[in-house]
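Participant: So here's entry23.txt, just compact mmCIF, C-alpha atoms and all ligand atoms:
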# COMPACT_ATOMS: atom_id res chain seq x y z
CA MET F 159 11.40 15.52 -8.75
CA PRO F 160 12.87 15.63 -5.18
CA SER F 161 15.84 13.38 -4.49
CA LEU F 162 13.91 11.31 -1.92
CA THR F 163 11.38 10.48 -4.66
CA ARG F 164 14.18 9.41 -6.98
CA TRP F 165 15.49 7.04 -4.31
CA TYR F 166 12.02 5.65 -3.69
CA ILE F 167 11.31 5.05 -7.37
CA LYS F 168 14.71 3.62 -8.29
CA SER F 169 14.61 1.33 -5.25
CA ALA F 170 11.08 0.31 -6.23
CA LEU F 171 12.28 -0.69 -9.70
CA ILE F 172 15.13 -2.74 -8.23
CA TYR F 173 12.66 -4.54 -5.92
CA LEU F 174 10.39 -5.31 -8.85
CA ALA F 175 13.29 -6.84 -10.76
CA ALA F 176 14.37 -8.77 -7.64
CA ALA F 177 10.81 -10.02 -7.06
CA LEU F 178 10.53 -11.27 -10.63
CA LEU F 179 13.92 -12.96 -10.44
CA LEU F 180 12.85 -14.68 -7.23
CA ALA F 181 9.60 -15.70 -8.95
CA VAL F 182 11.64 -17.54 -11.58
CA ILE F 183 13.67 -19.35 -8.93
CA LEU F 184 10.53 -20.29 -6.96
CA ALA F 185 8.95 -21.68 -10.12
CA LEU F 186 11.81 -24.10 -10.86
CA PRO F 187 10.81 -27.79 -10.72
CA PRO F 188 11.84 -29.94 -7.72
CA SER F 189 14.42 -31.64 -9.95
CA ALA F 190 16.43 -28.39 -9.80
CA ASN F 191 17.45 -29.48 -6.26
CA LEU F 192 17.45 -26.03 -4.74
CA PRO F 193 18.69 -25.55 -1.17
CA LEU F 194 16.04 -25.92 1.54
CA PHE F 195 15.86 -22.22 2.48
CA ILE F 196 14.54 -21.26 -0.97
CA ARG F 197 11.23 -22.90 -0.08
CA TYR F 198 10.69 -20.29 2.63
CA LEU F 199 11.07 -17.34 0.27
CA ASN F 200 7.49 -17.31 -0.97
CA PRO F 201 6.29 -14.54 1.40
CA ALA F 202 9.47 -12.61 0.60
CA TYR F 203 8.51 -12.74 -3.08
CA PHE F 204 5.04 -11.32 -2.31
CA HIS F 205 6.41 -8.57 -0.12
CA LEU F 206 9.29 -7.57 -2.37
CA PHE F 207 6.51 -6.98 -4.89
CA LEU F 208 3.89 -5.34 -2.66
CA VAL F 209 6.02 -3.42 -0.16
CA GLY F 210 9.26 -2.98 -2.12
CA TRP F 211 7.67 -2.14 -5.46
CA VAL F 212 4.01 -1.09 -5.12
CA THR F 213 4.07 0.69 -1.74
CA GLN F 214 7.45 2.29 -2.26
CA MET F 215 6.44 3.59 -5.69
CA ILE F 216 3.27 5.09 -4.17
CA PHE F 217 5.27 6.69 -1.33
CA GLY F 218 7.67 8.27 -3.84
CA VAL F 219 4.88 9.71 -5.97
CA ILE F 220 2.94 11.00 -2.95
CA TYR F 221 6.02 12.74 -1.57
CA TRP F 222 6.58 14.36 -4.94
CA MET F 223 3.05 15.31 -6.05
CA PHE F 224 0.79 16.01 -3.09
CA PRO F 225 -0.05 19.70 -2.50
CA ILE F 226 2.78 21.50 -0.74
CA ILE F 227 2.36 22.76 2.83
CA THR F 228 4.13 26.15 2.55
CA ARG F 229 6.72 27.61 0.20
CA ALA F 230 9.28 27.60 3.03
CA GLN F 231 8.88 23.88 3.81
CA PRO F 232 6.99 22.49 0.83
CA ARG F 233 7.10 18.80 1.66
CA GLY F 234 7.33 18.96 5.44
CA ASN F 235 10.31 17.69 7.41
CA ALA F 236 12.53 15.89 4.86
CA HIS F 237 14.38 14.05 7.64
CA LEU F 238 11.18 12.19 8.42
CA GLY F 239 10.97 11.16 4.76
CA TRP F 240 14.52 9.83 4.75
CA ALA F 241 13.95 8.04 8.06
CA SER F 242 10.87 6.35 6.65
CA TYR F 243 12.74 5.35 3.48
CA GLY F 244 15.64 3.87 5.47
CA LEU F 245 13.43 2.00 7.93
CA LEU F 246 11.25 0.52 5.19
CA ASN F 247 14.19 -0.75 3.17
CA VAL F 248 16.28 -2.08 6.04
CA GLY F 249 13.13 -3.67 7.49
CA LEU F 250 12.17 -5.35 4.24
CA LEU F 251 15.69 -6.64 3.55
CA LEU F 252 15.87 -8.05 7.09
CA ARG F 253 12.68 -9.94 6.35
CA VAL F 254 14.05 -11.35 3.11
CA VAL F 255 17.09 -12.68 5.01
CA GLY F 256 15.26 -13.58 8.23
CA GLU F 257 12.28 -15.55 6.96
CA PRO F 258 14.26 -18.29 5.16
CA LEU F 259 16.75 -18.43 8.03
CA VAL F 260 14.00 -18.95 10.61
CA GLY F 261 12.12 -21.34 8.30
CA ALA F 262 15.06 -23.57 7.46
CA ARG F 263 16.72 -23.48 10.91
CA PRO F 264 14.05 -22.68 13.51
CA GLU F 265 16.32 -23.82 16.34
CA ALA F 266 19.13 -21.37 15.48
CA GLY F 267 17.58 -18.46 17.38
CA PHE F 268 17.16 -15.92 14.57
CA GLY F 269 13.50 -15.20 15.41
CA TRP F 270 14.39 -11.76 16.73
CA LEU F 271 15.41 -10.75 13.18
CA LEU F 272 11.76 -10.99 12.15
CA ALA F 273 10.58 -9.01 15.17
CA VAL F 274 13.10 -6.24 14.38
CA SER F 275 12.11 -6.28 10.71
CA ALA F 276 8.44 -5.98 11.70
CA LEU F 277 9.15 -3.03 13.99
CA LEU F 278 11.22 -1.17 11.39
CA GLN F 279 8.61 -1.54 8.64
CA TRP F 280 5.82 -0.53 10.98
CA LEU F 281 7.75 2.58 12.06
CA ALA F 282 8.39 3.43 8.40
CA ALA F 283 4.64 3.45 7.69
CA VAL F 284 3.81 5.47 10.81
CA ILE F 285 6.45 8.10 9.99
CA PHE F 286 5.38 8.30 6.35
CA VAL F 287 1.74 8.86 7.31
CA ILE F 288 2.75 11.55 9.84
CA LEU F 289 4.71 13.26 7.06
CA ALA F 290 2.10 12.98 4.31
CA TRP F 291 -1.14 13.49 6.29
CA PRO F 292 -0.99 17.34 6.39
CA ARG F 293 -0.55 17.35 2.60
CA VAL F 294 -3.92 15.68 1.99
CA LYS F 295 -5.66 19.00 1.35
CA GLU F 296 -6.70 21.64 -1.17
CA LYS F 297 -4.08 23.19 -3.40
CA TYR F 298 -1.68 25.60 -1.63
CA ARG F 299 -2.79 29.17 -2.32
CA GLY F 300 -0.13 31.10 -0.42
CA GLY F 301 -0.19 32.45 3.11
CA MET N 251 -6.97 18.00 -4.29
CA PRO N 252 -10.79 17.59 -4.26
CA ARG N 253 -12.69 16.64 -1.13
CA LEU N 254 -13.50 13.10 -2.32
CA SER N 255 -9.81 12.38 -3.04
CA GLN N 256 -9.01 13.54 0.45
CA TRP N 257 -11.49 10.98 1.80
CA PHE N 258 -10.07 8.17 -0.34
CA ILE N 259 -6.51 8.97 0.61
CA ARG N 260 -7.09 9.50 4.34
CA ALA N 261 -8.96 6.20 4.47
CA ALA N 262 -6.10 4.57 2.52
CA PHE N 263 -3.57 5.85 5.06
CA ILE N 264 -5.63 4.45 7.93
CA TYR N 265 -5.75 1.05 6.20
CA LEU N 266 -2.01 1.26 5.52
CA LEU N 267 -1.40 1.70 9.24
CA SER N 268 -3.89 -1.01 10.23
CA GLY N 269 -2.55 -3.45 7.64
CA PHE N 270 1.08 -2.82 8.57
CA THR N 271 0.20 -3.22 12.26
CA VAL N 272 -1.40 -6.62 11.65
CA GLY N 273 1.45 -7.61 9.29
CA ALA N 274 4.09 -6.57 11.81
CA LEU N 275 2.40 -8.61 14.56
CA LEU N 276 2.24 -11.64 12.24
CA LEU N 277 5.87 -11.29 11.20
CA ALA N 278 7.06 -10.84 14.79
CA HIS N 279 4.94 -13.87 15.71
CA LYS N 280 6.69 -15.97 13.04
CA GLY N 281 9.98 -15.19 14.77
CA LEU N 282 9.00 -15.00 18.43
CA PRO N 283 5.58 -16.66 18.96
CA LEU N 284 3.07 -14.24 20.50
CA HIS N 285 -0.38 -15.84 20.19
CA PRO N 286 -1.64 -18.62 17.89
CA ALA N 287 -4.93 -16.78 17.19
CA LEU N 288 -2.98 -14.09 15.34
CA TRP N 289 -3.04 -16.14 12.13
CA SER N 290 -6.80 -15.61 11.83
CA TRP N 291 -5.91 -11.98 11.09
CA LEU N 292 -4.01 -12.87 7.91
CA PRO N 293 -7.09 -12.33 5.66
CA ALA N 294 -7.65 -8.92 7.32
CA HIS N 295 -3.99 -8.05 6.67
CA ILE N 296 -4.35 -8.88 2.99
CA GLU N 297 -7.71 -7.10 2.64
CA PHE N 298 -6.60 -3.93 4.44
CA LEU N 299 -3.49 -3.62 2.30
CA LEU N 300 -4.60 -4.74 -1.15
CA PHE N 301 -8.03 -3.07 -1.21
CA GLY N 302 -7.86 -0.61 1.67
CA TRP N 303 -4.43 0.74 0.78
CA VAL N 304 -3.39 -0.04 -2.81
CA VAL N 305 -6.78 0.14 -4.56
CA GLN N 306 -8.08 3.01 -2.45
CA VAL N 307 -5.02 5.26 -2.76
CA THR N 308 -5.03 4.64 -6.52
CA MET N 309 -8.68 5.65 -6.84
CA GLY N 310 -8.06 8.77 -4.76
CA MET N 311 -5.13 9.80 -6.93
CA ALA N 312 -7.02 9.04 -10.15
CA PHE N 313 -10.07 11.07 -9.10
CA TRP N 314 -7.74 13.99 -8.42
CA ILE N 315 -5.38 13.82 -11.36
CA LEU N 316 -7.10 12.37 -14.46
CA PRO N 317 -7.83 15.00 -17.14
CA ARG N 318 -10.71 17.34 -16.19
CA TYR N 319 -13.38 19.00 -18.29
CA TRP N 320 -13.20 22.66 -19.23
CA GLN N 321 -16.66 23.42 -17.89
CA GLN N 322 -18.38 22.50 -14.61
CA PRO N 323 -18.58 19.86 -13.29
CA ARG N 324 -14.89 19.48 -14.09
CA ARG N 325 -14.95 15.92 -12.80
CA PRO N 326 -18.02 14.31 -14.41
CA ASN N 327 -20.45 12.11 -12.47
CA PRO N 328 -18.75 12.53 -9.10
CA GLY N 329 -21.66 10.61 -7.58
CA TYR N 330 -20.37 7.38 -9.12
CA ALA N 331 -16.98 7.88 -7.51
CA THR N 332 -18.63 8.58 -4.15
CA ILE N 333 -20.61 5.34 -4.44
CA ALA N 334 -17.33 3.57 -5.26
CA PHE N 335 -15.81 4.93 -2.06
CA VAL N 336 -18.71 3.71 0.08
CA LEU N 337 -18.94 0.27 -1.58
CA LEU N 338 -15.19 -0.34 -1.43
CA ASN N 339 -15.05 0.32 2.30
CA LEU N 340 -18.22 -1.66 2.95
CA GLY N 341 -16.76 -4.54 0.92
CA ILE N 342 -13.52 -4.57 2.88
CA TRP N 343 -15.36 -4.87 6.19
CA LEU N 344 -17.77 -7.52 4.91
CA VAL N 345 -14.78 -9.61 3.78
CA VAL N 346 -13.03 -9.16 7.12
CA ALA N 347 -16.27 -10.05 8.96
CA GLY N 348 -16.61 -13.21 6.85
CA THR N 349 -13.00 -14.33 7.25
CA THR N 350 -11.28 -13.08 10.39
CA PHE N 351 -14.50 -12.79 12.45
CA ARG N 352 -16.30 -15.83 10.91
CA ALA N 353 -19.59 -13.94 10.86
CA GLY N 354 -21.26 -16.34 8.39
CA PRO N 355 -20.88 -17.87 4.94
CA TRP N 356 -22.46 -14.96 3.03
CA PHE N 357 -20.22 -12.18 4.26
CA LEU N 358 -17.25 -13.09 2.08
CA PRO N 359 -19.17 -13.30 -1.24
CA ALA N 360 -21.17 -10.16 -0.32
CA GLY N 361 -17.92 -8.33 0.41
CA ARG N 362 -16.34 -9.43 -2.84
CA ALA N 363 -19.49 -8.34 -4.71
CA ALA N 364 -19.37 -4.90 -3.05
CA GLU N 365 -15.70 -4.53 -3.97
CA GLY N 366 -16.42 -5.54 -7.56
CA ALA N 367 -19.31 -3.08 -7.76
CA ALA N 368 -17.06 -0.34 -6.31
CA VAL N 369 -14.57 -0.88 -9.12
CA ALA N 370 -17.38 -0.85 -11.72
CA PHE N 371 -18.74 2.45 -10.37
CA PHE N 372 -15.27 3.94 -10.32
CA ALA N 373 -14.72 2.88 -13.93
CA LEU N 374 -18.06 4.46 -14.89
CA HIS N 375 -16.84 7.71 -13.42
CA ALA N 376 -13.30 7.59 -14.79
CA TRP N 377 -13.90 6.17 -18.28
CA ARG N 378 -14.63 9.46 -20.00
CA ARG N 379 -11.72 11.20 -18.28
CA ILE N 380 -9.20 8.82 -19.80
CA VAL N 381 -8.54 10.90 -22.90
CA SER N 382 -5.75 12.61 -24.80
CA ARG N 383 -5.04 16.34 -24.67
CA GLU N 384 -7.38 16.83 -27.62
CA GLY N 385 -10.14 15.13 -25.68
CA THR N 386 -10.24 12.06 -27.93
C1 LIG F 401 1.16 -3.12 0.87
C2 LIG F 401 1.68 -3.94 1.74
C3 LIG F 401 1.36 -5.41 1.90
C4 LIG F 401 0.53 -6.22 1.17
C5 LIG F 401 -0.33 -5.86 -0.04
C6 LIG F 401 0.61 -7.54 1.77
C7 LIG F 401 -0.05 -8.66 1.30
C8 LIG F 401 0.12 -9.92 1.79
C9 LIG F 401 -0.37 -11.13 1.16
C10 LIG F 401 -1.15 -11.17 -0.18
C11 LIG F 401 -0.03 -12.17 1.94
C12 LIG F 401 -0.34 -13.64 1.69
C13 LIG F 401 0.89 -14.25 1.07
C14 LIG F 401 0.80 -15.75 0.94
O1 LIG F 401 -0.33 -16.27 0.93
O2 LIG F 401 1.86 -16.39 0.89
C15 LIG F 401 0.68 -11.64 3.08
C16 LIG F 401 1.18 -12.41 4.10
C17 LIG F 401 1.92 -11.89 5.14
N1 LIG F 401 2.29 -10.58 5.33
FE1 LIG F 401 1.88 -9.04 4.10
N2 LIG F 401 1.45 -7.50 2.86
C18 LIG F 401 1.93 -6.22 2.97
C19 LIG F 401 2.80 -5.74 3.93
C20 LIG F 401 3.27 -6.44 4.98
C21 LIG F 401 4.12 -5.94 6.02
C22 LIG F 401 4.64 -4.50 6.07
C23 LIG F 401 4.36 -6.95 6.89
C24 LIG F 401 5.20 -6.99 8.13
C25 LIG F 401 5.71 -5.95 8.72
C26 LIG F 401 3.65 -8.12 6.39
C27 LIG F 401 3.63 -9.36 7.00
C28 LIG F 401 3.04 -10.50 6.48
C29 LIG F 401 3.16 -11.82 7.06
C30 LIG F 401 3.92 -12.20 8.32
C31 LIG F 401 2.46 -12.70 6.22
C32 LIG F 401 2.29 -14.20 6.38
C33 LIG F 401 3.43 -14.90 5.67
C34 LIG F 401 3.34 -16.40 5.79
O3 LIG F 401 2.46 -17.00 5.14
O4 LIG F 401 4.13 -16.96 6.54
N3 LIG F 401 3.00 -7.79 5.23
N4 LIG F 401 0.76 -10.28 2.97
Reformat the file's structure so that it appears as structure tokens.
Facilitator:
Amino acid sequence: MPSLTRWYIKSALIYLAAALLLAVILALPPSANLPLFIRYLNPAYFHLFLVGWVTQMIFGVIYWMFPIITRAQPRGNAHLGWASYGLLNVGLLLRVVGEPLVGARPEAGFGWLLAVSALLQWLAAVIFVILAWPRVKEKYRGG
Amino acid sequence: MPRLSQWFIRAAFIYLLSGFTVGALLLAHKGLPLHPALWSWLPAHIEFLLFGWVVQVTMGMAFWILPRYWQQPRRPNPGYATIAFVLLNLGIWLVVAGTTFRAGPWFLPAGRAAEGAAVAFFALHAWRRIVSREGT
């Protein structure tokens, strides 16, 4: 298993655990008197699960198992893979911080955090598709 | 990877990009308002990513990688899996037409029915491939 796949899958597991922990906090009754910003973490819960866990797990397995391109560069340009991994994770974490900040204190001027998070995650997907697209093909038979 | 898996997975990548594009616009809009009409794209975002990406990439991988038969056709009843591909994509667009584009009250249930039928056809194909090494 290539090291990028190990990073994807281990990160995915951590996000799953984080999503489930957040689910517990979000399910607490109002009498728990949680701080206001917690209320704005519902979309973060969904996306820790769907982007952090599901999508990241799929990316890791695709990078590992899809047919290789050539023996010399089996999985394409690995730098692209690492760039996509970094952008996706920084982007997602920015969202988890940014959404409750913007929700609880809209006047504080943190809206740009969400725009940056959006751009990073979008770039991560574009780069991953550029990397994986040529590997959607028949088995490599040499040459 | 067989031809049908290539179709499933290429389509899934296109939905991943479309869904992330809509999601990124929505997220940016939450921070720095762009256009109020963007919210009507939320159902398309969800549909593209849950069915177009997650379900479709999973079906493509499963068609490729589940245990195969020793004799031809090595993947039994491929026609069922092809029907699943067509119905899934039809369903996604019917749902988007019924929600984001407000095309009429029947589009959403028709889309959901097509998606459900796609899953049923895929299960019909895959069921007999879900076996142990001994084929039991
Ligand atoms: C596989 C990936 C994804 C899936 C399956 C997914 C699914 C969903 C779902 C189910 C919702 C509705 C949540 C709710 O009702 O509270 C949602 C909302 C949303 N998603 Fe995603 N999403 C994905 C990726 C993304 C990405 C990458 C972005 C941004 C770059 C994004 C941005 C948003 C936004 C802004 C909302 C609205 C949140 C709100 O209610 O304020 N999503 N998504």
Participant: Would you name the residues within 9 Å of ligand LIG 401 (chain F), counting all atoms listed in the file, and put them as a count of residues only?
Facilitator: 53
Participant: Could you tell me which of N:Phe351, N:Tyr265, N:Phe371, N:Trp314 comes closest to Ala287 in chain N if we count all atoms listed in the file?
Facilitator: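 Selected residue with least distance to Ala287 in chain N: N:Phe351.
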Participant: Find, counting only C-alpha atoms, the residue in F:Leu206, F:Met223, F:Leu179, F:Leu171 that gets nearest to chain N.
Facilitator: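 Going through F:Leu206, F:Met223, F:Leu179, F:Leu171 one by one, the smallest distance to chain N is for F:Met223.
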Participant: Counting only C-alpha atoms, figure out which residue out of F:Ala266, F:Val260, F:Leu251, F:Ala177 gets nearest to chain N.
Facilitator: F:Val260
Participant: Give me the residues near Trp320 in chain N as a count of residues only, where near means some atom within 12 Å (using only C-alpha atoms) and where sequence neighbours in that chain fewer than 4 positions away do not count.
Facilitator: 7
Participant: Kindly give the distance, in Å, that separates CA of Ala170 in chain F and CA of Ser242 in chain F, rounded to a single decimal.
Facilitator: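 Answer for the CA of Ala170 in chain F to CA of Ser242 in chain F separation: 14.2 Å.
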